[in-house]
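> Got query-v8.pdb for you, PDB, C-alpha atoms and all ligand atoms:
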```pdb
MODEL        1
ATOM      1  CA  MET A   1       7.322  -7.958  12.561
ATOM      2  CA  ILE A   2       7.474  -4.159  12.582
ATOM      3  CA  VAL A   3       4.490  -2.216  11.204
ATOM      4  CA  ALA A   4       5.413   1.335  10.154
ATOM      5  CA  ARG A   5       2.523   3.696   9.475
ATOM      6  CA  SER A   6       4.457   6.752   8.275
ATOM      7  CA  ILE A   7       7.565   7.482   6.187
ATOM      8  CA  PRO A   8       9.748   8.540   9.171
ATOM      9  CA  GLU A   9       8.690   5.419  11.111
ATOM     10  CA  PHE A  10       9.508   3.272   8.116
ATOM     11  CA  ARG A  11      12.902   4.876   7.477
ATOM     12  CA  LYS A  12      13.850   4.383  11.141
ATOM     13  CA  ALA A  13      12.930   0.678  11.046
ATOM     14  CA  ARG A  14      14.572   0.198   7.637
ATOM     15  CA  ALA A  15      17.888   1.540   8.967
ATOM     16  CA  SER A  16      18.242  -1.492  11.244
ATOM     17  CA  LEU A  17      17.735  -3.995   8.386
ATOM     18  CA  GLY A  18      20.211  -5.278   5.827
ATOM     19  CA  ASP A  19      19.552  -6.602   2.321
ATOM     20  CA  LEU A  20      15.853  -6.251   1.635
ATOM     21  CA  ALA A  21      13.428  -7.912  -0.784
ATOM     22  CA  PHE A  22      10.374  -5.702  -1.236
ATOM     23  CA  VAL A  23       6.847  -6.736  -2.211
ATOM     24  CA  PRO A  24       4.622  -3.733  -2.968
ATOM     25  CA  THR A  25       0.914  -4.590  -2.648
ATOM     26  CA  MET A  26      -2.497  -3.001  -2.386
ATOM     27  CA  GLY A  27      -3.451  -5.474   0.361
ATOM     28  CA  ALA A  28      -6.294  -8.016   0.192
ATOM     29  CA  LEU A  29      -3.427 -10.471   0.295
ATOM     30  CA  HIS A  30      -3.714 -14.016  -1.005
ATOM     31  CA  ALA A  31      -1.359 -16.937  -1.571
ATOM     32  CA  GLY A  32      -0.070 -15.240  -4.735
ATOM     33  CA  HIS A  33       1.311 -12.324  -2.689
ATOM     34  CA  LEU A  34       2.851 -14.678  -0.139
ATOM     35  CA  SER A  35       4.602 -16.520  -2.958
ATOM     36  CA  LEU A  36       6.233 -13.182  -3.875
ATOM     37  CA  VAL A  37       7.497 -12.912  -0.293
ATOM     38  CA  ASP A  38       8.878 -16.459  -0.559
ATOM     39  CA  VAL A  39      10.637 -15.696  -3.831
ATOM     40  CA  GLY A  40      12.049 -12.508  -2.296
ATOM     41  CA  ARG A  41      13.466 -14.456   0.593
ATOM     42  CA  ARG A  42      15.591 -16.455  -1.848
ATOM     43  CA  HIS A  43      17.271 -13.203  -2.866
ATOM     44  CA  ALA A  44      17.642 -11.198   0.348
ATOM     45  CA  THR A  45      17.913 -11.895   4.050
ATOM     46  CA  GLN A  46      14.964  -9.701   5.014
ATOM     47  CA  SER A  47      11.629  -8.782   3.510
ATOM     48  CA  ALA A  48       9.306  -5.794   3.479
ATOM     49  CA  VAL A  49       5.727  -5.556   2.245
ATOM     50  CA  SER A  50       3.850  -2.319   1.586
ATOM     51  CA  ILE A  51       0.067  -2.230   1.792
ATOM     52  CA  PHE A  52      -1.382   0.838   0.115
ATOM     53  CA  VAL A  53      -4.449   1.145  -2.092
ATOM     54  CA  ASN A  54      -2.994   3.735  -4.427
ATOM     55  CA  PRO A  55      -5.650   6.258  -5.517
ATOM     56  CA  THR A  56      -3.607   7.603  -8.450
ATOM     57  CA  GLN A  57      -3.808   4.317 -10.367
ATOM     58  CA  PHE A  58      -7.624   4.043 -10.302
ATOM     59  CA  GLY A  59      -9.795   5.691 -12.952
ATOM     60  CA  PRO A  60     -12.855   7.704 -11.844
ATOM     61  CA  HIS A  61     -15.184   4.764 -12.605
ATOM     62  CA  GLU A  62     -12.948   2.031 -11.185
ATOM     63  CA  ASP A  63     -13.205   0.251  -7.855
ATOM     64  CA  PHE A  64     -10.968   2.427  -5.609
ATOM     65  CA  HIS A  65     -13.644   2.874  -2.924
ATOM     66  CA  LYS A  66     -14.895  -0.697  -3.239
ATOM     67  CA  TYR A  67     -11.375  -2.219  -3.279
ATOM     68  CA  PRO A  68     -11.163  -4.699  -0.350
ATOM     69  CA  ARG A  69      -9.134  -3.505   2.677
ATOM     70  CA  PRO A  70      -9.017  -6.438   5.148
ATOM     71  CA  ILE A  71      -6.080  -4.896   6.974
ATOM     72  CA  GLU A  72      -6.040  -7.072  10.115
ATOM     73  CA  ALA A  73      -6.145 -10.263   8.029
ATOM     74  CA  ASP A  74      -3.395  -8.860   5.779
ATOM     75  CA  LEU A  75      -1.130  -8.133   8.748
ATOM     76  CA  ALA A  76      -1.745 -11.629  10.138
ATOM     77  CA  MET A  77      -0.778 -13.112   6.750
ATOM     78  CA  CYS A  78       2.418 -11.038   6.647
ATOM     79  CA  GLU A  79       3.269 -12.122  10.179
ATOM     80  CA  SER A  80       2.733 -15.801   9.366
ATOM     81  CA  ALA A  81       4.815 -15.437   6.188
ATOM     82  CA  GLY A  82       7.709 -14.150   8.284
ATOM     83  CA  VAL A  83       7.754 -10.625   6.802
ATOM     84  CA  ASP A  84      10.149  -8.378   8.748
ATOM     85  CA  LEU A  85       8.702  -4.963   8.010
ATOM     86  CA  VAL A  86       5.294  -3.770   6.784
ATOM     87  CA  PHE A  87       4.763  -0.264   5.418
ATOM     88  CA  LEU A  88       1.189   0.898   5.883
ATOM     89  CA  PRO A  89       1.066   4.570   4.912
ATOM     90  CA  GLY A  90      -2.042   6.727   4.664
ATOM     91  CA  VAL A  91      -2.898   8.602   1.450
ATOM     92  CA  GLU A  92      -1.569  11.902   2.842
ATOM     93  CA  ASP A  93       1.764  10.304   3.778
ATOM     94  CA  LEU A  94       2.464   9.489   0.144
ATOM     95  CA  TYR A  95       0.523  12.364  -1.411
ATOM     96  CA  PRO A  96       0.761  15.396   0.870
ATOM     97  CA  PRO A  97      -1.784  18.028  -0.174
ATOM     98  CA  ASN A  98      -0.530  20.884  -2.357
ATOM     99  CA  GLU A  99       2.425  19.009  -3.847
ATOM    100  CA  PRO A 100       2.760  19.778  -7.594
ATOM    101  CA  ALA A 101       1.575  17.061  -9.967
ATOM    102  CA  ILE A 102       4.183  14.671 -11.355
ATOM    103  CA  ARG A 103       3.794  12.194 -14.189
ATOM    104  CA  ILE A 104       6.117   9.447 -15.401
ATOM    105  CA  GLU A 105       5.269   8.163 -18.869
ATOM    106  CA  PHE A 106       6.476   5.475 -21.237
ATOM    107  CA  PRO A 107       4.362   6.274 -24.306
ATOM    108  CA  SER A 108       5.143   3.084 -26.240
ATOM    109  CA  LEU A 109       4.356   0.872 -23.228
ATOM    110  CA  PHE A 110       1.310   2.859 -22.067
ATOM    111  CA  SER A 111      -0.390   3.014 -25.471
ATOM    112  CA  VAL A 112      -1.054  -0.733 -25.802
ATOM    113  CA  LEU A 113      -3.137  -3.447 -24.092
ATOM    114  CA  ASP A 114      -4.527  -2.096 -20.762
ATOM    115  CA  GLY A 115      -3.082   1.393 -21.314
ATOM    116  CA  PRO A 116      -5.851   2.895 -23.493
ATOM    117  CA  ARG A 117      -8.526   1.052 -21.485
ATOM    118  CA  ARG A 118      -7.278   2.381 -18.153
ATOM    119  CA  PRO A 119      -6.144   5.956 -18.843
ATOM    120  CA  GLY A 120      -3.758   7.171 -16.149
ATOM    121  CA  HIS A 121      -3.412   3.746 -14.561
ATOM    122  CA  PHE A 122       0.219   3.005 -15.396
ATOM    123  CA  ALA A 123       1.305   6.590 -14.714
ATOM    124  CA  GLY A 124      -0.201   6.150 -11.234
ATOM    125  CA  VAL A 125       1.556   2.809 -10.774
ATOM    126  CA  CYS A 126       4.921   4.328 -11.826
ATOM    127  CA  GLN A 127       4.392   7.299  -9.516
ATOM    128  CA  VAL A 128       3.668   5.227  -6.420
ATOM    129  CA  VAL A 129       6.283   2.553  -7.120
ATOM    130  CA  ALA A 130       9.017   5.164  -7.721
ATOM    131  CA  LYS A 131       8.108   6.771  -4.388
ATOM    132  CA  LEU A 132       8.039   3.397  -2.627
ATOM    133  CA  PHE A 133      11.440   2.452  -4.071
ATOM    134  CA  ASN A 134      12.909   5.694  -2.718
ATOM    135  CA  ILE A 135      11.346   5.192   0.701
ATOM    136  CA  VAL A 136      11.951   1.452   1.076
ATOM    137  CA  GLN A 137      15.378   1.331  -0.634
ATOM    138  CA  PRO A 138      15.206  -2.396  -1.384
ATOM    139  CA  GLN A 139      17.896  -4.422  -3.131
ATOM    140  CA  PHE A 140      15.209  -6.556  -4.816
ATOM    141  CA  ALA A 141      11.581  -5.850  -5.710
ATOM    142  CA  CYS A 142       9.224  -8.749  -6.483
ATOM    143  CA  PHE A 143       6.345  -8.372  -8.949
ATOM    144  CA  GLY A 144       3.958 -11.013 -10.225
ATOM    145  CA  GLU A 145       3.944 -11.984 -13.889
ATOM    146  CA  LYS A 146       0.142 -11.966 -13.627
ATOM    147  CA  ASP A 147       0.241  -8.170 -14.149
ATOM    148  CA  PHE A 148       2.580  -8.582 -17.072
ATOM    149  CA  GLN A 149       2.258  -5.109 -18.571
ATOM    150  CA  GLN A 150       2.909  -3.619 -15.134
ATOM    151  CA  LEU A 151       5.996  -5.829 -14.766
ATOM    152  CA  ALA A 152       7.338  -4.736 -18.177
ATOM    153  CA  ILE A 153       6.695  -1.069 -17.361
ATOM    154  CA  LEU A 154       8.294  -1.236 -13.914
ATOM    155  CA  SER A 155      11.319  -3.040 -15.382
ATOM    156  CA  ALA A 156      11.606  -0.112 -17.818
ATOM    157  CA  LEU A 157      11.226   2.326 -14.903
ATOM    158  CA  VAL A 158      14.142   0.748 -13.030
ATOM    159  CA  ARG A 159      16.319   0.703 -16.161
ATOM    160  CA  SER A 160      15.438   4.217 -17.294
ATOM    161  CA  LEU A 161      15.752   5.980 -13.933
ATOM    162  CA  ASP A 162      18.679   3.833 -12.696
ATOM    163  CA  PHE A 163      17.071   2.654  -9.489
ATOM    164  CA  PRO A 164      19.768   0.627  -7.698
ATOM    165  CA  LEU A 165      17.699  -2.549  -7.369
ATOM    166  CA  THR A 166      16.820  -5.701  -9.247
ATOM    167  CA  ILE A 167      13.282  -6.521 -10.324
ATOM    168  CA  VAL A 168      12.413 -10.147  -9.637
ATOM    169  CA  PRO A 169       9.577 -11.465 -11.861
ATOM    170  CA  CYS A 170       7.503 -14.078 -10.000
ATOM    171  CA  PRO A 171       5.371 -16.781 -11.664
ATOM    172  CA  THR A 172       1.581 -16.493 -11.553
ATOM    173  CA  LEU A 173      -0.097 -18.626  -8.920
ATOM    174  CA  ARG A 174      -3.268 -20.381 -10.059
ATOM    175  CA  ASP A 175      -6.134 -21.961  -8.195
ATOM    176  CA  PRO A 176      -6.528 -25.695  -8.928
ATOM    177  CA  ASP A 177      -9.164 -24.882 -11.596
ATOM    178  CA  GLY A 178      -6.590 -22.737 -13.463
ATOM    179  CA  LEU A 179      -7.870 -19.240 -12.581
ATOM    180  CA  ALA A 180      -4.961 -16.878 -11.908
ATOM    181  CA  MET A 181      -5.087 -15.677  -8.303
ATOM    182  CA  SER A 182      -6.212 -12.077  -7.928
ATOM    183  CA  SER A 183      -7.690  -9.960  -5.146
ATOM    184  CA  ARG A 184     -10.549  -9.172  -7.526
ATOM    185  CA  ASN A 185     -11.588 -12.863  -7.903
ATOM    186  CA  ARG A 186     -13.589 -12.437  -4.709
ATOM    187  CA  TYR A 187     -16.079 -10.300  -6.677
ATOM    188  CA  LEU A 188     -16.999 -13.286  -8.936
ATOM    189  CA  SER A 189     -20.116 -15.417  -8.441
ATOM    190  CA  ALA A 190     -19.671 -19.178  -9.061
ATOM    191  CA  PRO A 191     -21.107 -19.023 -12.639
ATOM    192  CA  GLN A 192     -18.981 -15.955 -13.405
ATOM    193  CA  ARG A 193     -15.918 -17.740 -12.129
ATOM    194  CA  ALA A 194     -16.713 -20.733 -14.350
ATOM    195  CA  ARG A 195     -17.003 -18.337 -17.321
ATOM    196  CA  GLY A 196     -13.703 -16.658 -16.364
ATOM    197  CA  LEU A 197     -11.920 -20.002 -16.646
ATOM    198  CA  SER A 198     -12.052 -19.668 -20.425
ATOM    199  CA  ILE A 199      -9.151 -17.205 -20.009
ATOM    200  CA  SER A 200      -6.650 -19.727 -18.684
ATOM    201  CA  ARG A 201      -8.047 -22.352 -21.087
ATOM    202  CA  ALA A 202      -7.382 -20.032 -24.038
ATOM    203  CA  LEU A 203      -3.868 -19.177 -22.848
ATOM    204  CA  PHE A 204      -2.878 -22.797 -22.262
ATOM    205  CA  SER A 205      -4.245 -23.739 -25.690
ATOM    206  CA  ALA A 206      -2.098 -21.034 -27.303
ATOM    207  CA  GLN A 207       0.926 -22.235 -25.358
ATOM    208  CA  ASN A 208       0.314 -25.843 -26.443
ATOM    209  CA  LEU A 209      -0.066 -24.825 -30.080
ATOM    210  CA  VAL A 210       3.275 -23.014 -29.939
ATOM    211  CA  ALA A 211       4.896 -26.030 -28.288
ATOM    212  CA  GLN A 212       3.619 -28.090 -31.240
ATOM    213  CA  GLY A 213       5.262 -25.705 -33.708
ATOM    214  CA  GLU A 214       2.609 -23.064 -34.471
ATOM    215  CA  ARG A 215       4.331 -19.702 -35.122
ATOM    216  CA  SER A 216       1.534 -17.521 -36.493
ATOM    217  CA  ALA A 217       0.290 -14.925 -33.992
ATOM    218  CA  GLU A 218      -2.890 -14.563 -36.073
ATOM    219  CA  VAL A 219      -3.727 -18.261 -35.667
ATOM    220  CA  LEU A 220      -3.054 -18.061 -31.928
ATOM    221  CA  VAL A 221      -5.219 -14.968 -31.455
ATOM    222  CA  ARG A 222      -8.047 -16.547 -33.478
ATOM    223  CA  THR A 223      -7.870 -19.722 -31.383
ATOM    224  CA  MET A 224      -7.888 -17.799 -28.108
ATOM    225  CA  ARG A 225     -10.839 -15.641 -29.198
ATOM    226  CA  GLN A 226     -12.831 -18.729 -30.194
ATOM    227  CA  ILE A 227     -12.325 -20.306 -26.767
ATOM    228  CA  LEU A 228     -13.074 -17.037 -24.954
ATOM    229  CA  LEU A 229     -16.287 -16.357 -26.850
ATOM    230  CA  GLU A 230     -17.854 -19.791 -26.391
ATOM    231  CA  GLY A 231     -19.577 -20.257 -23.049
ATOM    232  CA  ASP A 232     -22.799 -19.593 -21.166
ATOM    233  CA  PRO A 233     -24.463 -16.615 -22.944
ATOM    234  CA  ALA A 234     -26.356 -15.843 -19.716
ATOM    235  CA  ILE A 235     -23.100 -14.523 -18.213
ATOM    236  CA  PRO A 236     -22.235 -11.178 -19.812
ATOM    237  CA  ILE A 237     -18.616 -10.811 -20.880
ATOM    238  CA  ASP A 238     -16.639  -8.062 -22.567
ATOM    239  CA  LEU A 239     -13.545  -9.431 -24.294
ATOM    240  CA  GLN A 240     -11.182  -6.452 -24.288
ATOM    241  CA  TYR A 241      -8.196  -8.047 -25.950
ATOM    242  CA  ALA A 242      -6.487 -11.326 -26.756
ATOM    243  CA  ALA A 243      -3.036 -10.393 -27.991
ATOM    244  CA  VAL A 244       0.343 -11.859 -28.833
ATOM    245  CA  VAL A 245       3.209  -9.450 -28.180
ATOM    246  CA  ASN A 246       6.931  -9.109 -27.629
ATOM    247  CA  ALA A 247       7.446  -9.487 -23.875
ATOM    248  CA  VAL A 248       9.773  -6.474 -23.556
ATOM    249  CA  THR A 249       8.355  -3.924 -26.001
ATOM    250  CA  LEU A 250       4.735  -5.131 -25.602
ATOM    251  CA  GLN A 251       4.200  -4.475 -29.319
ATOM    252  CA  SER A 252       2.150  -6.948 -31.396
ATOM    253  CA  ILE A 253       4.146  -9.477 -33.366
ATOM    254  CA  ASP A 254       3.314 -11.536 -36.445
ATOM    255  CA  ALA A 255       5.443 -14.590 -35.691
ATOM    256  CA  ILE A 256       6.422 -16.240 -32.424
ATOM    257  CA  ALA A 257      10.055 -15.766 -31.420
ATOM    258  CA  THR A 258      11.826 -15.914 -28.089
ATOM    259  CA  GLU A 259      10.244 -13.527 -25.551
ATOM    260  CA  SER A 260       6.702 -13.817 -26.920
ATOM    261  CA  ARG A 261       3.719 -13.548 -24.640
ATOM    262  CA  ALA A 262      -0.030 -14.044 -25.000
ATOM    263  CA  LEU A 263      -2.189 -11.695 -22.937
ATOM    264  CA  ILE A 264      -5.946 -11.536 -22.351
ATOM    265  CA  ALA A 265      -8.230  -9.037 -20.639
ATOM    266  CA  MET A 266     -11.914  -9.833 -20.266
ATOM    267  CA  LYS A 267     -14.673  -8.414 -18.123
ATOM    268  CA  VAL A 268     -16.945 -11.033 -16.619
ATOM    269  CA  GLY A 269     -19.955  -9.178 -15.280
ATOM    270  CA  GLU A 270     -18.391  -6.111 -13.669
ATOM    271  CA  THR A 271     -15.087  -7.814 -12.826
ATOM    272  CA  ARG A 272     -12.143  -7.241 -15.126
ATOM    273  CA  LEU A 273      -9.834 -10.257 -15.316
ATOM    274  CA  ILE A 274      -6.365 -10.282 -16.863
ATOM    275  CA  ASP A 275      -3.963 -13.138 -17.416
ATOM    276  CA  ASN A 276      -1.039 -14.031 -19.677
ATOM    277  CA  ILE A 277       1.381 -16.791 -20.547
ATOM    278  CA  ALA A 278       4.847 -17.231 -22.069
ATOM    279  CA  LEU A 279       4.874 -18.664 -25.597
ATOM    280  CA  ILE A 280       8.020 -20.722 -25.957
ATOM    281  CA  PRO A 281       8.808 -22.093 -29.421
ATOM    282  CA  PRO A 282      10.185 -25.673 -29.425
ATOM    283  CA  ALA A 283      13.661 -24.614 -30.626
ATOM    284  CA  SER A 284      14.257 -22.433 -27.552
ATOM    285  CA  ARG A 285      13.116 -25.002 -24.979
TER     286      ARG A 285
HETATM  287  O1  LIG B 301       0.183  -4.648  -8.429
HETATM  288  C1  LIG B 301      -0.239  -3.944  -7.500
HETATM  289  O2  LIG B 301      -0.798  -4.425  -6.515
HETATM  290  C2  LIG B 301      -0.082  -2.433  -7.590
HETATM  291  O3  LIG B 301      -0.225  -1.975  -8.897
HETATM  292  C3  LIG B 301       1.242  -1.928  -6.979
HETATM  293  C4  LIG B 301       2.442  -2.438  -7.755
HETATM  294  C5  LIG B 301       1.332  -2.366  -5.531
HETATM  295  C6  LIG B 301       1.288  -0.403  -7.036
HETATM  296  O4  LIG B 301       0.239   0.168  -6.310
ENDMDL
END
```
Here is a file; write its structure as structure tokens.
Ligand code: PAF

Amino acid sequence: MIVARSIPEFRKARASLGDLAFVPTMGALHAGHLSLVDVGRRHATQSAVSIFVNPTQFGPHEDFHKYPRPIEADLAMCESAGVDLVFLPGVEDLYPPNEPAIRIEFPSLFSVLDGPRRPGHFAGVCQVVAKLFNIVQPQFACFGEKDFQQLAILSALVRSLDFPLTIVPCPTLRDPDGLAMSSRNRYLSAPQRARGLSISRALFSAQNLVAQGERSAEVLVRTMRQILLEGDPAIPIDLQYAAVVNAVTLQSIDAIATESRALIAMKVGETRLIDNIALIPPASR
């Protein structure tokens, strides 16, 4: 496995590789990330992972400084997963001082769900991912469905700016209790984790209702909210949204159709958890 710590080093190593599946990450890798590498391997002969905690996608009060950076463990995981090339740039490699500001925006996709709650976040994600695509030059890029709004936005980025690559959406990996895997789960105490499980419970209930024929988004949202709001009152939560949207436009819908998705964001203590699920009406199964 080659570890490149600068853009020139990376470009040199990349030149000797063929078809590449790319998994951009912020490190603190877990089985969910490795599953993206596995999916990528089904599409391309070689794989690259970037590890970069991107400052431009964190708000001033978010956890940029606290974000876990277990770099040696991450490299060992990449090695054991058979990754060919790791890109490990420093902040000044990607953001040299004195470069003029740049901002990519998709107003209709940024103004919903996490967008208003995390101002600047998706612009920062688009900025770093566009740069990484240009540096890495992959044929395929793998993103988890867990960050569904991010996946929809980056799919729009590739379409709109004609990046010559295919986005590969990868299913969310869950722990046996149902919690979607996330690097931030390590912040949760055991009681907080138990409280956070209401998220996957609510999503699976919505999915089951749709499978049984329910089409009303209002009924689904009400059901999810009920499940999310019951639970140990000693654990503080902040339910930010429980929404039913079109999976491509991310706009709220009234009735379930193909490409419908339920999404939830909830803070448990100080940890913000997000999760989502496809809502597939019986006729399209
Ligand atoms: O999903 C993430 O880990 C990040 O948002 C990404 C795509 C690596 C960009 O920094």
> Please give the centre and size of the box around ligand LIG 301 (chain B) (axis-aligned, containing every atom listed in the file, 4 Å added per side), with values in Å to one decimal and written as JSON.

```
{"center_x": 0.8, "center_y": -2.2, "center_z": -7.2, "size_x": 11.2, "size_y": 12.8, "size_z": 11.4}
```
> Quick one: residues within 9 Å of ligand LIG 301 (chain B), with all atoms listed in the file, as a PyMOL selection string?
chain A and resi 23-27+50-57+121-122+124-129+132+143-144+146-147+150-151+154+183
> So that I can see what lies close to Lys267 of chain A, please list as a VMD selection string the residues with an atom at most 10 Å from it, counting only C-alpha atoms and leaving out residues fewer than 4 positions away in the same chain.
chain A and resid 192 196 236 to 240 271 to 274
> Using all atoms listed in the file, which residues sit within 10 Å of Gln137 of chain A once same-chain residues fewer than 4 positions away are excluded, as an NGL selection string?
:A and (11 or 14-15 or 19-22 or 131-133 or 141 or 163-165)
> So what do you get for atom CA of Ala283 of chain A versus atom CA of Glu145 of chain A, distance-wise?
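Going from atom CA of Ala283 of chain A over to atom CA of Glu145 of chain A, I get 23.1 Å.
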> Please return, as a list in words, all polymer residues that have at least one atom within 10 Å of the point (6.7, -5.8, -23.0); use all atoms listed in the file and the file's own coordinate frame.
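The residues that fall inside the cut-off are Ser108, Leu109, Val112, Phe148, Gln149, Gln150, Leu151, Ala152, Ile153, Ser155, Ala156, Val245, Asn246, Ala247, Val248, Thr249, Leu250, Gln251, Ser252, Glu259, Ser260 and Arg261 of chain A.
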> Which value, in Å to one decimal, gives the distance between atom CA of Pro176 of chain A and atom CA of Ala81 of chain A?
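Interatomic distance, atom CA of Pro176 of chain A to atom CA of Ala81 of chain A: 21.5 Å.
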> Taking into account all atoms listed in the file, which residue in the set A:Ala180, A:Asp275, A:Pro138, A:Pro282 is nearest to Gln212 of chain A?
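That would be A:Pro282, the residue with the smallest distance to Gln212 of chain A.
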> Measuring atom to atom with only C-alpha atoms, identify which of A:Leu17, A:Val91, A:Ala130, A:Ala4 is nearest to Val49 of chain A.
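Closest candidate: A:Ala4.
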> Calculated over all atoms listed in the file, which of the candidates A:Tyr187, A:Phe64, A:Phe106, A:Phe140 has the smallest distance to Cys170 of chain A?
A:Phe140
> Kindly indicate which residue among A:Glu214, A:Asp114, A:Asp177, A:Glu270 lies nearest to Ala243 of chain A, using only C-alpha atoms for the distances.
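Checking each candidate against Ala243 of chain A, we get A:Asp114 as the closest.
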> Just want the 12 Å neighbourhood of Glu79 of chain A, counted on only C-alpha atoms, with same-chain residues fewer than 4 positions away dropped. Output as number ranges by chain.
A: 1-3, 34, 37, 47-49, 72-75, 83-86
> Which residue, A:Ala202, A:Leu209, A:Leu113, A:Thr45, has the smallest gap to Ile227 of chain A when you use all atoms listed in the file?
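Ranked by minimum distance to Ile227 of chain A, first place goes to A:Ala202.
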